[in-house]
>>> print(open('input28.cif').read())   # mmCIF, N, CA and C atoms
data_my_file
loop_
_atom_site.label_atom_id
_atom_site.label_comp_id
_atom_site.auth_asym_id
_atom_site.auth_seq_id
_atom_site.Cartn_x
_atom_site.Cartn_y
_atom_site.Cartn_z
N MET A 1 0.30 3.47 -10.30
CA MET A 1 1.19 2.91 -9.31
C MET A 1 0.47 2.82 -7.97
N ASN A 2 0.63 1.72 -7.33
CA ASN A 2 -0.01 1.44 -6.05
C ASN A 2 0.93 1.83 -4.91
N ARG A 3 0.37 2.34 -3.84
CA ARG A 3 1.19 2.72 -2.68
C ARG A 3 2.00 1.53 -2.16
N ASN A 4 1.48 0.34 -2.29
CA ASN A 4 2.19 -0.85 -1.83
C ASN A 4 3.46 -1.13 -2.63
N ASP A 5 3.60 -0.51 -3.80
CA ASP A 5 4.80 -0.67 -4.62
C ASP A 5 5.94 0.24 -4.17
N ILE A 6 5.65 1.10 -3.19
CA ILE A 6 6.60 2.13 -2.79
C ILE A 6 7.02 1.92 -1.35
N SER A 7 8.31 2.11 -1.10
CA SER A 7 8.79 2.16 0.28
C SER A 7 9.27 3.58 0.55
N PHE A 8 9.41 3.91 1.82
CA PHE A 8 9.80 5.26 2.21
C PHE A 8 10.99 5.18 3.13
N GLN A 9 11.89 6.14 2.97
CA GLN A 9 13.12 6.15 3.76
C GLN A 9 13.46 7.59 4.13
N ILE A 10 13.80 7.79 5.39
CA ILE A 10 14.27 9.10 5.84
C ILE A 10 15.78 9.12 5.67
N ASP A 11 16.30 10.20 5.08
CA ASP A 11 17.75 10.27 4.88
C ASP A 11 18.46 10.49 6.22
N ASP A 12 19.79 10.38 6.20
CA ASP A 12 20.58 10.45 7.42
C ASP A 12 20.45 11.78 8.15
N SER A 13 20.18 12.86 7.41
CA SER A 13 20.04 14.17 8.05
C SER A 13 18.71 14.29 8.78
N GLY A 14 17.76 13.42 8.47
CA GLY A 14 16.44 13.47 9.10
C GLY A 14 15.56 14.57 8.54
N CYS A 15 15.92 15.11 7.37
CA CYS A 15 15.17 16.23 6.80
C CYS A 15 14.57 15.93 5.43
N LYS A 16 14.66 14.71 5.00
CA LYS A 16 14.12 14.37 3.69
C LYS A 16 13.58 12.95 3.74
N ILE A 17 12.39 12.78 3.18
CA ILE A 17 11.80 11.45 3.04
C ILE A 17 11.81 11.11 1.56
N TYR A 18 12.34 9.96 1.24
CA TYR A 18 12.39 9.47 -0.14
C TYR A 18 11.27 8.45 -0.39
N ALA A 19 10.71 8.51 -1.57
CA ALA A 19 9.82 7.46 -2.06
C ALA A 19 10.68 6.60 -2.98
N ILE A 20 10.67 5.30 -2.74
CA ILE A 20 11.53 4.39 -3.48
C ILE A 20 10.68 3.30 -4.12
N CYS A 21 10.91 3.07 -5.41
CA CYS A 21 10.20 2.04 -6.15
C CYS A 21 11.21 1.25 -6.96
N ASN A 22 11.18 -0.05 -6.82
CA ASN A 22 12.12 -0.92 -7.53
C ASN A 22 13.57 -0.49 -7.33
N GLY A 23 13.90 -0.06 -6.10
CA GLY A 23 15.26 0.31 -5.77
C GLY A 23 15.69 1.71 -6.22
N GLN A 24 14.79 2.45 -6.87
CA GLN A 24 15.13 3.79 -7.34
C GLN A 24 14.35 4.84 -6.57
N LYS A 25 15.03 5.95 -6.25
CA LYS A 25 14.36 7.08 -5.62
C LYS A 25 13.54 7.78 -6.68
N ILE A 26 12.23 7.84 -6.46
CA ILE A 26 11.34 8.43 -7.46
C ILE A 26 10.74 9.76 -7.00
N GLY A 27 11.02 10.12 -5.77
CA GLY A 27 10.53 11.39 -5.26
C GLY A 27 11.00 11.62 -3.84
N ASN A 28 10.88 12.88 -3.40
CA ASN A 28 11.22 13.19 -2.03
C ASN A 28 10.48 14.42 -1.57
N ILE A 29 10.45 14.58 -0.29
CA ILE A 29 9.87 15.76 0.34
C ILE A 29 10.89 16.24 1.37
N PHE A 30 11.21 17.52 1.33
CA PHE A 30 12.21 18.10 2.23
C PHE A 30 11.48 18.85 3.34
N PHE A 31 11.86 18.57 4.58
CA PHE A 31 11.21 19.23 5.71
C PHE A 31 12.25 19.59 6.76
N VAL A 32 11.88 20.57 7.58
CA VAL A 32 12.77 21.04 8.63
C VAL A 32 11.96 21.17 9.92
N LYS A 33 12.51 20.71 10.99
CA LYS A 33 11.90 20.91 12.31
C LYS A 33 12.20 22.36 12.70
N ILE A 34 11.16 23.20 12.83
CA ILE A 34 11.41 24.61 13.14
C ILE A 34 11.18 24.95 14.61
N SER A 35 10.62 24.03 15.35
CA SER A 35 10.49 24.16 16.80
C SER A 35 10.14 22.78 17.34
N ASN A 36 9.94 22.70 18.64
CA ASN A 36 9.60 21.40 19.23
C ASN A 36 8.26 20.87 18.77
N ASP A 37 7.41 21.77 18.24
CA ASP A 37 6.08 21.32 17.85
C ASP A 37 5.70 21.66 16.41
N LYS A 38 6.67 22.05 15.60
CA LYS A 38 6.36 22.41 14.20
C LYS A 38 7.38 21.85 13.22
N ILE A 39 6.85 21.43 12.07
CA ILE A 39 7.65 20.98 10.93
C ILE A 39 7.27 21.85 9.74
N MET A 40 8.26 22.28 8.98
CA MET A 40 7.98 23.05 7.77
C MET A 40 8.41 22.23 6.56
N ILE A 41 7.49 22.06 5.62
CA ILE A 41 7.79 21.41 4.35
C ILE A 41 8.16 22.51 3.37
N SER A 42 9.38 22.43 2.84
CA SER A 42 9.83 23.51 1.96
C SER A 42 9.78 23.14 0.48
N GLU A 43 9.90 21.88 0.16
CA GLU A 43 9.84 21.52 -1.25
C GLU A 43 9.62 20.02 -1.43
N SER A 44 9.22 19.68 -2.63
CA SER A 44 9.10 18.28 -3.01
C SER A 44 9.64 18.13 -4.43
N GLU A 45 10.14 16.96 -4.70
CA GLU A 45 10.65 16.65 -6.05
C GLU A 45 10.13 15.28 -6.43
N ILE A 46 9.63 15.18 -7.65
CA ILE A 46 9.14 13.91 -8.16
C ILE A 46 9.82 13.65 -9.50
N ASP A 47 10.29 12.44 -9.69
CA ASP A 47 10.88 12.05 -10.97
C ASP A 47 9.85 12.32 -12.06
N PRO A 48 10.25 12.94 -13.17
CA PRO A 48 9.29 13.26 -14.23
C PRO A 48 8.48 12.06 -14.73
N LEU A 49 9.04 10.88 -14.66
CA LEU A 49 8.30 9.69 -15.10
C LEU A 49 7.09 9.40 -14.21
N TYR A 50 7.10 9.95 -12.99
CA TYR A 50 6.03 9.69 -12.03
C TYR A 50 5.24 10.94 -11.68
N LYS A 51 5.39 12.00 -12.45
CA LYS A 51 4.79 13.29 -12.13
C LYS A 51 3.27 13.24 -11.99
N ASN A 52 2.59 12.47 -12.76
CA ASN A 52 1.13 12.42 -12.71
C ASN A 52 0.60 11.31 -11.80
N SER A 53 1.47 10.78 -10.97
CA SER A 53 1.04 9.74 -10.03
C SER A 53 0.71 10.40 -8.69
N GLU A 54 0.49 9.61 -7.69
CA GLU A 54 0.14 10.14 -6.38
C GLU A 54 1.34 10.11 -5.42
N ILE A 55 2.54 10.15 -5.95
CA ILE A 55 3.74 10.06 -5.12
C ILE A 55 3.77 11.17 -4.08
N GLU A 56 3.46 12.41 -4.47
CA GLU A 56 3.48 13.51 -3.51
C GLU A 56 2.48 13.27 -2.38
N LEU A 57 1.30 12.76 -2.71
CA LEU A 57 0.32 12.44 -1.68
C LEU A 57 0.88 11.40 -0.72
N TYR A 58 1.49 10.36 -1.24
CA TYR A 58 2.06 9.32 -0.40
C TYR A 58 3.15 9.88 0.51
N LEU A 59 3.97 10.79 -0.02
CA LEU A 59 5.01 11.41 0.79
C LEU A 59 4.40 12.27 1.90
N VAL A 60 3.35 12.99 1.57
CA VAL A 60 2.64 13.80 2.58
C VAL A 60 2.09 12.87 3.66
N GLN A 61 1.51 11.76 3.28
CA GLN A 61 0.99 10.82 4.27
C GLN A 61 2.09 10.32 5.21
N GLU A 62 3.28 10.14 4.67
CA GLU A 62 4.40 9.69 5.51
C GLU A 62 4.82 10.76 6.50
N ILE A 63 4.91 12.01 6.06
CA ILE A 63 5.32 13.07 6.99
C ILE A 63 4.21 13.34 8.01
N ILE A 64 2.97 13.11 7.63
CA ILE A 64 1.87 13.25 8.58
C ILE A 64 1.98 12.20 9.68
N LYS A 65 2.38 10.99 9.33
CA LYS A 65 2.59 9.96 10.35
C LYS A 65 3.63 10.43 11.37
N ILE A 66 4.71 11.03 10.86
CA ILE A 66 5.77 11.53 11.74
C ILE A 66 5.23 12.64 12.63
N ALA A 67 4.49 13.58 12.04
CA ALA A 67 3.94 14.70 12.81
C ALA A 67 2.99 14.21 13.89
N ARG A 68 2.12 13.31 13.54
CA ARG A 68 1.15 12.81 14.53
C ARG A 68 1.86 12.05 15.66
N ALA A 69 2.85 11.24 15.30
CA ALA A 69 3.56 10.47 16.31
C ALA A 69 4.34 11.36 17.28
N ASN A 70 4.73 12.54 16.82
CA ASN A 70 5.53 13.45 17.64
C ASN A 70 4.76 14.68 18.09
N ASN A 71 3.44 14.67 17.90
CA ASN A 71 2.57 15.77 18.31
C ASN A 71 3.05 17.11 17.74
N ARG A 72 3.28 17.12 16.41
CA ARG A 72 3.76 18.32 15.74
C ARG A 72 2.75 18.77 14.70
N LYS A 73 2.78 20.05 14.41
CA LYS A 73 1.98 20.64 13.34
C LYS A 73 2.88 20.86 12.13
N ILE A 74 2.25 20.94 10.96
CA ILE A 74 2.99 21.10 9.71
C ILE A 74 2.62 22.41 9.04
N ILE A 75 3.64 23.10 8.60
CA ILE A 75 3.50 24.29 7.76
C ILE A 75 4.11 23.93 6.42
N SER A 76 3.41 24.21 5.34
CA SER A 76 3.98 23.94 4.02
C SER A 76 4.16 25.26 3.26
N ILE A 77 5.37 25.46 2.75
CA ILE A 77 5.61 26.59 1.86
C ILE A 77 5.80 26.10 0.43
N CYS A 78 5.63 24.81 0.23
CA CYS A 78 5.70 24.21 -1.10
C CYS A 78 4.30 24.26 -1.71
N PRO A 79 4.12 24.91 -2.85
CA PRO A 79 2.77 25.03 -3.42
C PRO A 79 2.12 23.68 -3.75
N TYR A 80 2.89 22.72 -4.19
CA TYR A 80 2.31 21.41 -4.52
C TYR A 80 1.80 20.71 -3.27
N ILE A 81 2.58 20.77 -2.22
CA ILE A 81 2.18 20.13 -0.97
C ILE A 81 1.03 20.89 -0.32
N SER A 82 1.07 22.21 -0.37
CA SER A 82 -0.04 23.02 0.17
C SER A 82 -1.34 22.67 -0.53
N ASN A 83 -1.28 22.43 -1.82
CA ASN A 83 -2.46 22.04 -2.59
C ASN A 83 -3.01 20.69 -2.12
N ILE A 84 -2.11 19.77 -1.82
CA ILE A 84 -2.55 18.46 -1.32
C ILE A 84 -3.26 18.63 0.02
N PHE A 85 -2.70 19.45 0.90
CA PHE A 85 -3.35 19.70 2.19
C PHE A 85 -4.73 20.31 1.98
N ALA A 86 -4.85 21.23 1.05
CA ALA A 86 -6.13 21.89 0.80
C ALA A 86 -7.19 20.92 0.29
N GLN A 87 -6.77 19.87 -0.39
CA GLN A 87 -7.70 18.89 -0.95
C GLN A 87 -8.07 17.78 0.03
N HIS A 88 -7.39 17.71 1.17
CA HIS A 88 -7.60 16.60 2.10
C HIS A 88 -7.88 17.11 3.51
N PRO A 89 -9.15 17.34 3.84
CA PRO A 89 -9.48 17.83 5.18
C PRO A 89 -9.09 16.86 6.29
N GLU A 90 -8.88 15.60 5.96
CA GLU A 90 -8.46 14.63 6.98
C GLU A 90 -7.07 14.91 7.52
N PHE A 91 -6.33 15.84 6.87
CA PHE A 91 -5.00 16.21 7.34
C PHE A 91 -5.03 17.48 8.20
N ASP A 92 -6.21 18.07 8.38
CA ASP A 92 -6.30 19.34 9.10
C ASP A 92 -5.80 19.26 10.54
N ASP A 93 -5.82 18.09 11.14
CA ASP A 93 -5.36 17.98 12.53
C ASP A 93 -3.88 18.28 12.67
N VAL A 94 -3.11 18.16 11.60
CA VAL A 94 -1.67 18.45 11.68
C VAL A 94 -1.29 19.71 10.90
N ARG A 95 -2.20 20.22 10.11
CA ARG A 95 -1.88 21.42 9.32
C ARG A 95 -2.02 22.65 10.20
N LEU A 96 -0.94 23.41 10.32
CA LEU A 96 -0.97 24.58 11.20
C LEU A 96 -1.77 25.72 10.60
N LEU A 97 -1.56 25.99 9.34
CA LEU A 97 -2.27 27.10 8.71
C LEU A 97 -3.42 26.56 7.91
N ASN A 98 -4.62 26.69 8.43
CA ASN A 98 -5.82 26.20 7.74
C ASN A 98 -6.42 27.30 6.91
N LYS A 99 -6.44 27.10 5.62
CA LYS A 99 -7.11 28.06 4.72
C LYS A 99 -8.55 27.64 4.58
N SER A 100 -9.40 28.61 4.32
CA SER A 100 -10.81 28.25 4.10
C SER A 100 -10.93 27.52 2.79
N ARG A 101 -11.86 26.61 2.72
CA ARG A 101 -12.03 25.79 1.51
C ARG A 101 -13.05 26.44 0.61
#
>>> encode(input="input28.cif", output="structure tokens")
Amino acid sequence: MNRNDISFQIDDSGCKIYAICNGQKIGNIFFVKISNDKIMISESEIDPLYKNSEIELYLVQEIIKIARANNRKIISICPYISNIFAQHPEFDDVRLLNKSR
């Protein structure tokens, strides 16, 4: 699946970003603003049909856009998302807790 096949939408609460493909929600990432300069990612869900795709990466890229635009750092307590951060040093500018590689 190509990133161009997916659109992203923030829900009304402002705490969840959905990945949408062909009109269906295929994944989401749940986040909470914990201060004026921090966002915490608590979980992600991906439709089982898309589990081996890069949907979680695309969702992380979307929340990174939000963090950068608002000068915020990201903390992830979701193991899947934390793993994505660990694999992508280009996200270190927004990752609050940097683990050694």
>>> atom_distance(input="input28.cif", atom1="CA of Asp37 in chain A", atom2="CA of Ile64 in chain A")
13.0 Å
>>> atom_distance(input="input28.cif", atom1="CA of Arg72 in chain A", atom2="CA of Cys15 in chain A")
14.6 Å
>>> resolve_selection(input="input28.cif", expression="the PyMOL selection byres ((chain A and resi 81-86) around 8)", output="list in words")
Ile41, Glu43, Ser44, Glu56, Leu57, Val60, Ile75, Ser76, Ile77, Cys78, Pro79, Tyr80, Gln87, His88, Pro89, Glu90, Phe91, Asp92, Arg95, Lys99, Ser100 and Arg101 of chain A
>>> residues_around(input="input28.cif", residues="range 24-26 of chain A", least_positions_apart="5", cutoff="5 Å", atoms="only N, CA and C atoms", output="PDB file with N, CA and C atoms, keeping the file's coordinate frame")
ATOM      1  N   ALA A  19      10.710   8.510  -1.570  1.00  0.00           N
ATOM      2  CA  ALA A  19       9.820   7.460  -2.060  1.00  0.00           C
ATOM      3  C   ALA A  19      10.680   6.600  -2.980  1.00  0.00           C
ATOM      4  N   ILE A  46       9.630  15.180  -7.650  1.00  0.00           N
ATOM      5  CA  ILE A  46       9.140  13.910  -8.160  1.00  0.00           C
ATOM      6  C   ILE A  46       9.820  13.650  -9.500  1.00  0.00           C
ATOM      7  N   ASP A  47      10.290  12.440  -9.690  1.00  0.00           N
ATOM      8  CA  ASP A  47      10.880  12.050 -10.970  1.00  0.00           C
ATOM      9  C   ASP A  47       9.850  12.320 -12.060  1.00  0.00           C
TER      10      ASP A  47
END
>>> closest_residue(input="input28.cif", among="A:Lys16, A:Ile74, A:Asp93, A:Pro48", to="Asn28 in chain A", atoms="all atoms listed in the file")
A:Lys16
>>> select_by_dssp(input="input28.cif", residues="chain A", states="strand (DSSP E)", output="JSON list (two decimals) with N, CA and C atoms, in the coordinates of the input")
[["chain", "number", "residue", "atom", "x", "y", "z"],
["A", 7, "SER", "N", 8.31, 2.11, -1.10],
["A", 7, "SER", "CA", 8.79, 2.16, 0.28],
["A", 7, "SER", "C", 9.27, 3.58, 0.55],
["A", 8, "PHE", "N", 9.41, 3.91, 1.82],
["A", 8, "PHE", "CA", 9.80, 5.26, 2.21],
["A", 8, "PHE", "C", 10.99, 5.18, 3.13],
["A", 9, "GLN", "N", 11.89, 6.14, 2.97],
["A", 9, "GLN", "CA", 13.12, 6.15, 3.76],
["A", 9, "GLN", "C", 13.46, 7.59, 4.13],
["A", 10, "ILE", "N", 13.80, 7.79, 5.39],
["A", 10, "ILE", "CA", 14.27, 9.10, 5.84],
["A", 10, "ILE", "C", 15.78, 9.12, 5.67],
["A", 16, "LYS", "N", 14.66, 14.71, 5.00],
["A", 16, "LYS", "CA", 14.12, 14.37, 3.69],
["A", 16, "LYS", "C", 13.58, 12.95, 3.74],
["A", 17, "ILE", "N", 12.39, 12.78, 3.18],
["A", 17, "ILE", "CA", 11.80, 11.45, 3.04],
["A", 17, "ILE", "C", 11.81, 11.11, 1.56],
["A", 18, "TYR", "N", 12.34, 9.96, 1.24],
["A", 18, "TYR", "CA", 12.39, 9.47, -0.14],
["A", 18, "TYR", "C", 11.27, 8.45, -0.39],
["A", 19, "ALA", "N", 10.71, 8.51, -1.57],
["A", 19, "ALA", "CA", 9.82, 7.46, -2.06],
["A", 19, "ALA", "C", 10.68, 6.60, -2.98],
["A", 20, "ILE", "N", 10.67, 5.30, -2.74],
["A", 20, "ILE", "CA", 11.53, 4.39, -3.48],
["A", 20, "ILE", "C", 10.68, 3.30, -4.12],
["A", 21, "CYS", "N", 10.91, 3.07, -5.41],
["A", 21, "CYS", "CA", 10.20, 2.04, -6.15],
["A", 21, "CYS", "C", 11.21, 1.25, -6.96],
["A", 24, "GLN", "N", 14.79, 2.45, -6.87],
["A", 24, "GLN", "CA", 15.13, 3.79, -7.34],
["A", 24, "GLN", "C", 14.35, 4.84, -6.57],
["A", 25, "LYS", "N", 15.03, 5.95, -6.25],
["A", 25, "LYS", "CA", 14.36, 7.08, -5.62],
["A", 25, "LYS", "C", 13.54, 7.78, -6.68],
["A", 26, "ILE", "N", 12.23, 7.84, -6.46],
["A", 26, "ILE", "CA", 11.34, 8.43, -7.46],
["A", 26, "ILE", "C", 10.74, 9.76, -7.00],
["A", 27, "GLY", "N", 11.02, 10.12, -5.77],
["A", 27, "GLY", "CA", 10.53, 11.39, -5.26],
["A", 27, "GLY", "C", 11.00, 11.62, -3.84],
["A", 28, "ASN", "N", 10.88, 12.88, -3.40],
["A", 28, "ASN", "CA", 11.22, 13.19, -2.03],
["A", 28, "ASN", "C", 10.48, 14.42, -1.57],
["A", 29, "ILE", "N", 10.45, 14.58, -0.29],
["A", 29, "ILE", "CA", 9.87, 15.76, 0.34],
["A", 29, "ILE", "C", 10.89, 16.24, 1.37],
["A", 30, "PHE", "N", 11.21, 17.52, 1.33],
["A", 30, "PHE", "CA", 12.21, 18.10, 2.23],
["A", 30, "PHE", "C", 11.48, 18.85, 3.34],
["A", 31, "PHE", "N", 11.86, 18.57, 4.58],
["A", 31, "PHE", "CA", 11.21, 19.23, 5.71],
["A", 31, "PHE", "C", 12.25, 19.59, 6.76],
["A", 32, "VAL", "N", 11.88, 20.57, 7.58],
["A", 32, "VAL", "CA", 12.77, 21.04, 8.63],
["A", 32, "VAL", "C", 11.96, 21.17, 9.92],
["A", 33, "LYS", "N", 12.51, 20.71, 10.99],
["A", 33, "LYS", "CA", 11.90, 20.91, 12.31],
["A", 33, "LYS", "C", 12.20, 22.36, 12.70],
["A", 34, "ILE", "N", 11.16, 23.20, 12.83],
["A", 34, "ILE", "CA", 11.41, 24.61, 13.14],
["A", 34, "ILE", "C", 11.18, 24.95, 14.61],
["A", 35, "SER", "N", 10.62, 24.03, 15.35],
["A", 35, "SER", "CA", 10.49, 24.16, 16.80],
["A", 35, "SER", "C", 10.14, 22.78, 17.34],
["A", 38, "LYS", "N", 6.67, 22.05, 15.60],
["A", 38, "LYS", "CA", 6.36, 22.41, 14.20],
["A", 38, "LYS", "C", 7.38, 21.85, 13.22],
["A", 39, "ILE", "N", 6.85, 21.43, 12.07],
["A", 39, "ILE", "CA", 7.65, 20.98, 10.93],
["A", 39, "ILE", "C", 7.27, 21.85, 9.74],
["A", 40, "MET", "N", 8.26, 22.28, 8.98],
["A", 40, "MET", "CA", 7.98, 23.05, 7.77],
["A", 40, "MET", "C", 8.41, 22.23, 6.56],
["A", 41, "ILE", "N", 7.49, 22.06, 5.62],
["A", 41, "ILE", "CA", 7.79, 21.41, 4.35],
["A", 41, "ILE", "C", 8.16, 22.51, 3.37],
["A", 42, "SER", "N", 9.38, 22.43, 2.84],
["A", 42, "SER", "CA", 9.83, 23.51, 1.96],
["A", 42, "SER", "C", 9.78, 23.14, 0.48],
["A", 43, "GLU", "N", 9.90, 21.88, 0.16],
["A", 43, "GLU", "CA", 9.84, 21.52, -1.25],
["A", 43, "GLU", "C", 9.62, 20.02, -1.43],
["A", 44, "SER", "N", 9.22, 19.68, -2.63],
["A", 44, "SER", "CA", 9.10, 18.28, -3.01],
["A", 44, "SER", "C", 9.64, 18.13, -4.43],
["A", 45, "GLU", "N", 10.14, 16.96, -4.70],
["A", 45, "GLU", "CA", 10.65, 16.65, -6.05],
["A", 45, "GLU", "C", 10.13, 15.28, -6.43],
["A", 46, "ILE", "N", 9.63, 15.18, -7.65],
["A", 46, "ILE", "CA", 9.14, 13.91, -8.16],
["A", 46, "ILE", "C", 9.82, 13.65, -9.50],
["A", 73, "LYS", "N", 2.78, 20.05, 14.41],
["A", 73, "LYS", "CA", 1.98, 20.64, 13.34],
["A", 73, "LYS", "C", 2.88, 20.86, 12.13],
["A", 74, "ILE", "N", 2.25, 20.94, 10.96],
["A", 74, "ILE", "CA", 2.99, 21.10, 9.71],
["A", 74, "ILE", "C", 2.62, 22.41, 9.04],
["A", 75, "ILE", "N", 3.64, 23.10, 8.60],
["A", 75, "ILE", "CA", 3.50, 24.29, 7.76],
["A", 75, "ILE", "C", 4.11, 23.93, 6.42],
["A", 76, "SER", "N", 3.41, 24.21, 5.34],
["A", 76, "SER", "CA", 3.98, 23.94, 4.02],
["A", 76, "SER", "C", 4.16, 25.26, 3.26]]
>>> resolve_selection(input="input28.cif", expression="the PyMOL selection byres (((chain A and resi 8 and name CA) around 9) and name CA)", output="VMD selection string")
chain A and resid 6 to 7 9 to 10 17 to 21 59 62
>>> closest_residue(input="input28.cif", among="A:Lys73, A:Lys65, A:Asn22, A:Gly27", to="Tyr50 in chain A", atoms="only C-alpha atoms")
A:Gly27
>>> atom_distance(input="input28.cif", atom1="CA of Asn71 in chain A", atom2="CA of Ser35 in chain A")
11.6 Å
>>> closest_residue(input="input28.cif", among="A:Gly23, A:Glu45, A:Ser53, A:Val94", to="Ala67 in chain A", atoms="all atoms listed in the file")
A:Val94
>>> select_by_dssp(input="input28.cif", residues="chain A", states="alpha helix (DSSP H)", output="mmCIF file with N, CA and C atoms, keeping the file's coordinate frame")
data_model
loop_
_atom_site.group_PDB
_atom_site.id
_atom_site.type_symbol
_atom_site.label_atom_id
_atom_site.label_comp_id
_atom_site.auth_asym_id
_atom_site.auth_seq_id
_atom_site.Cartn_x
_atom_site.Cartn_y
_atom_site.Cartn_z
ATOM 1 N N ILE A 55 2.540 10.150 -5.950
ATOM 2 C CA ILE A 55 3.740 10.060 -5.120
ATOM 3 C C ILE A 55 3.770 11.170 -4.080
ATOM 4 N N GLU A 56 3.460 12.410 -4.470
ATOM 5 C CA GLU A 56 3.480 13.510 -3.510
ATOM 6 C C GLU A 56 2.480 13.270 -2.380
ATOM 7 N N LEU A 57 1.300 12.760 -2.710
ATOM 8 C CA LEU A 57 0.320 12.440 -1.680
ATOM 9 C C LEU A 57 0.880 11.400 -0.720
ATOM 10 N N TYR A 58 1.490 10.360 -1.240
ATOM 11 C CA TYR A 58 2.060 9.320 -0.400
ATOM 12 C C TYR A 58 3.150 9.880 0.510
ATOM 13 N N LEU A 59 3.970 10.790 -0.020
ATOM 14 C CA LEU A 59 5.010 11.410 0.790
ATOM 15 C C LEU A 59 4.400 12.270 1.900
ATOM 16 N N VAL A 60 3.350 12.990 1.570
ATOM 17 C CA VAL A 60 2.640 13.800 2.580
ATOM 18 C C VAL A 60 2.090 12.870 3.660
ATOM 19 N N GLN A 61 1.510 11.760 3.280
ATOM 20 C CA GLN A 61 0.990 10.820 4.270
ATOM 21 C C GLN A 61 2.090 10.320 5.210
ATOM 22 N N GLU A 62 3.280 10.140 4.670
ATOM 23 C CA GLU A 62 4.400 9.690 5.510
ATOM 24 C C GLU A 62 4.820 10.760 6.500
ATOM 25 N N ILE A 63 4.910 12.010 6.060
ATOM 26 C CA ILE A 63 5.320 13.070 6.990
ATOM 27 C C ILE A 63 4.210 13.340 8.010
ATOM 28 N N ILE A 64 2.970 13.110 7.630
ATOM 29 C CA ILE A 64 1.870 13.250 8.580
ATOM 30 C C ILE A 64 1.980 12.200 9.680
ATOM 31 N N LYS A 65 2.380 10.990 9.330
ATOM 32 C CA LYS A 65 2.590 9.960 10.350
ATOM 33 C C LYS A 65 3.630 10.430 11.370
ATOM 34 N N ILE A 66 4.710 11.030 10.860
ATOM 35 C CA ILE A 66 5.770 11.530 11.740
ATOM 36 C C ILE A 66 5.230 12.640 12.630
ATOM 37 N N ALA A 67 4.490 13.580 12.040
ATOM 38 C CA ALA A 67 3.940 14.700 12.810
ATOM 39 C C ALA A 67 2.990 14.210 13.890
ATOM 40 N N ARG A 68 2.120 13.310 13.540
ATOM 41 C CA ARG A 68 1.150 12.810 14.530
ATOM 42 C C ARG A 68 1.860 12.050 15.660
ATOM 43 N N ALA A 69 2.850 11.240 15.300
ATOM 44 C CA ALA A 69 3.560 10.470 16.310
ATOM 45 C C ALA A 69 4.340 11.360 17.280
ATOM 46 N N PRO A 79 4.120 24.910 -2.850
ATOM 47 C CA PRO A 79 2.770 25.030 -3.420
ATOM 48 C C PRO A 79 2.120 23.680 -3.750
ATOM 49 N N TYR A 80 2.890 22.720 -4.190
ATOM 50 C CA TYR A 80 2.310 21.410 -4.520
ATOM 51 C C TYR A 80 1.800 20.710 -3.270
ATOM 52 N N ILE A 81 2.580 20.770 -2.220
ATOM 53 C CA ILE A 81 2.180 20.130 -0.970
ATOM 54 C C ILE A 81 1.030 20.890 -0.320
ATOM 55 N N SER A 82 1.070 22.210 -0.370
ATOM 56 C CA SER A 82 -0.040 23.020 0.170
ATOM 57 C C SER A 82 -1.340 22.670 -0.530
ATOM 58 N N ASN A 83 -1.280 22.430 -1.820
ATOM 59 C CA ASN A 83 -2.460 22.040 -2.590
ATOM 60 C C ASN A 83 -3.010 20.690 -2.120
ATOM 61 N N ILE A 84 -2.110 19.770 -1.820
ATOM 62 C CA ILE A 84 -2.550 18.460 -1.320
ATOM 63 C C ILE A 84 -3.260 18.630 0.020
ATOM 64 N N PHE A 85 -2.700 19.450 0.900
ATOM 65 C CA PHE A 85 -3.350 19.700 2.190
ATOM 66 C C PHE A 85 -4.730 20.310 1.980
ATOM 67 N N ALA A 86 -4.850 21.230 1.050
ATOM 68 C CA ALA A 86 -6.130 21.890 0.800
ATOM 69 C C ALA A 86 -7.190 20.920 0.290
ATOM 70 N N GLN A 87 -6.770 19.870 -0.390
ATOM 71 C CA GLN A 87 -7.700 18.890 -0.950
ATOM 72 C C GLN A 87 -8.070 17.780 0.030
#
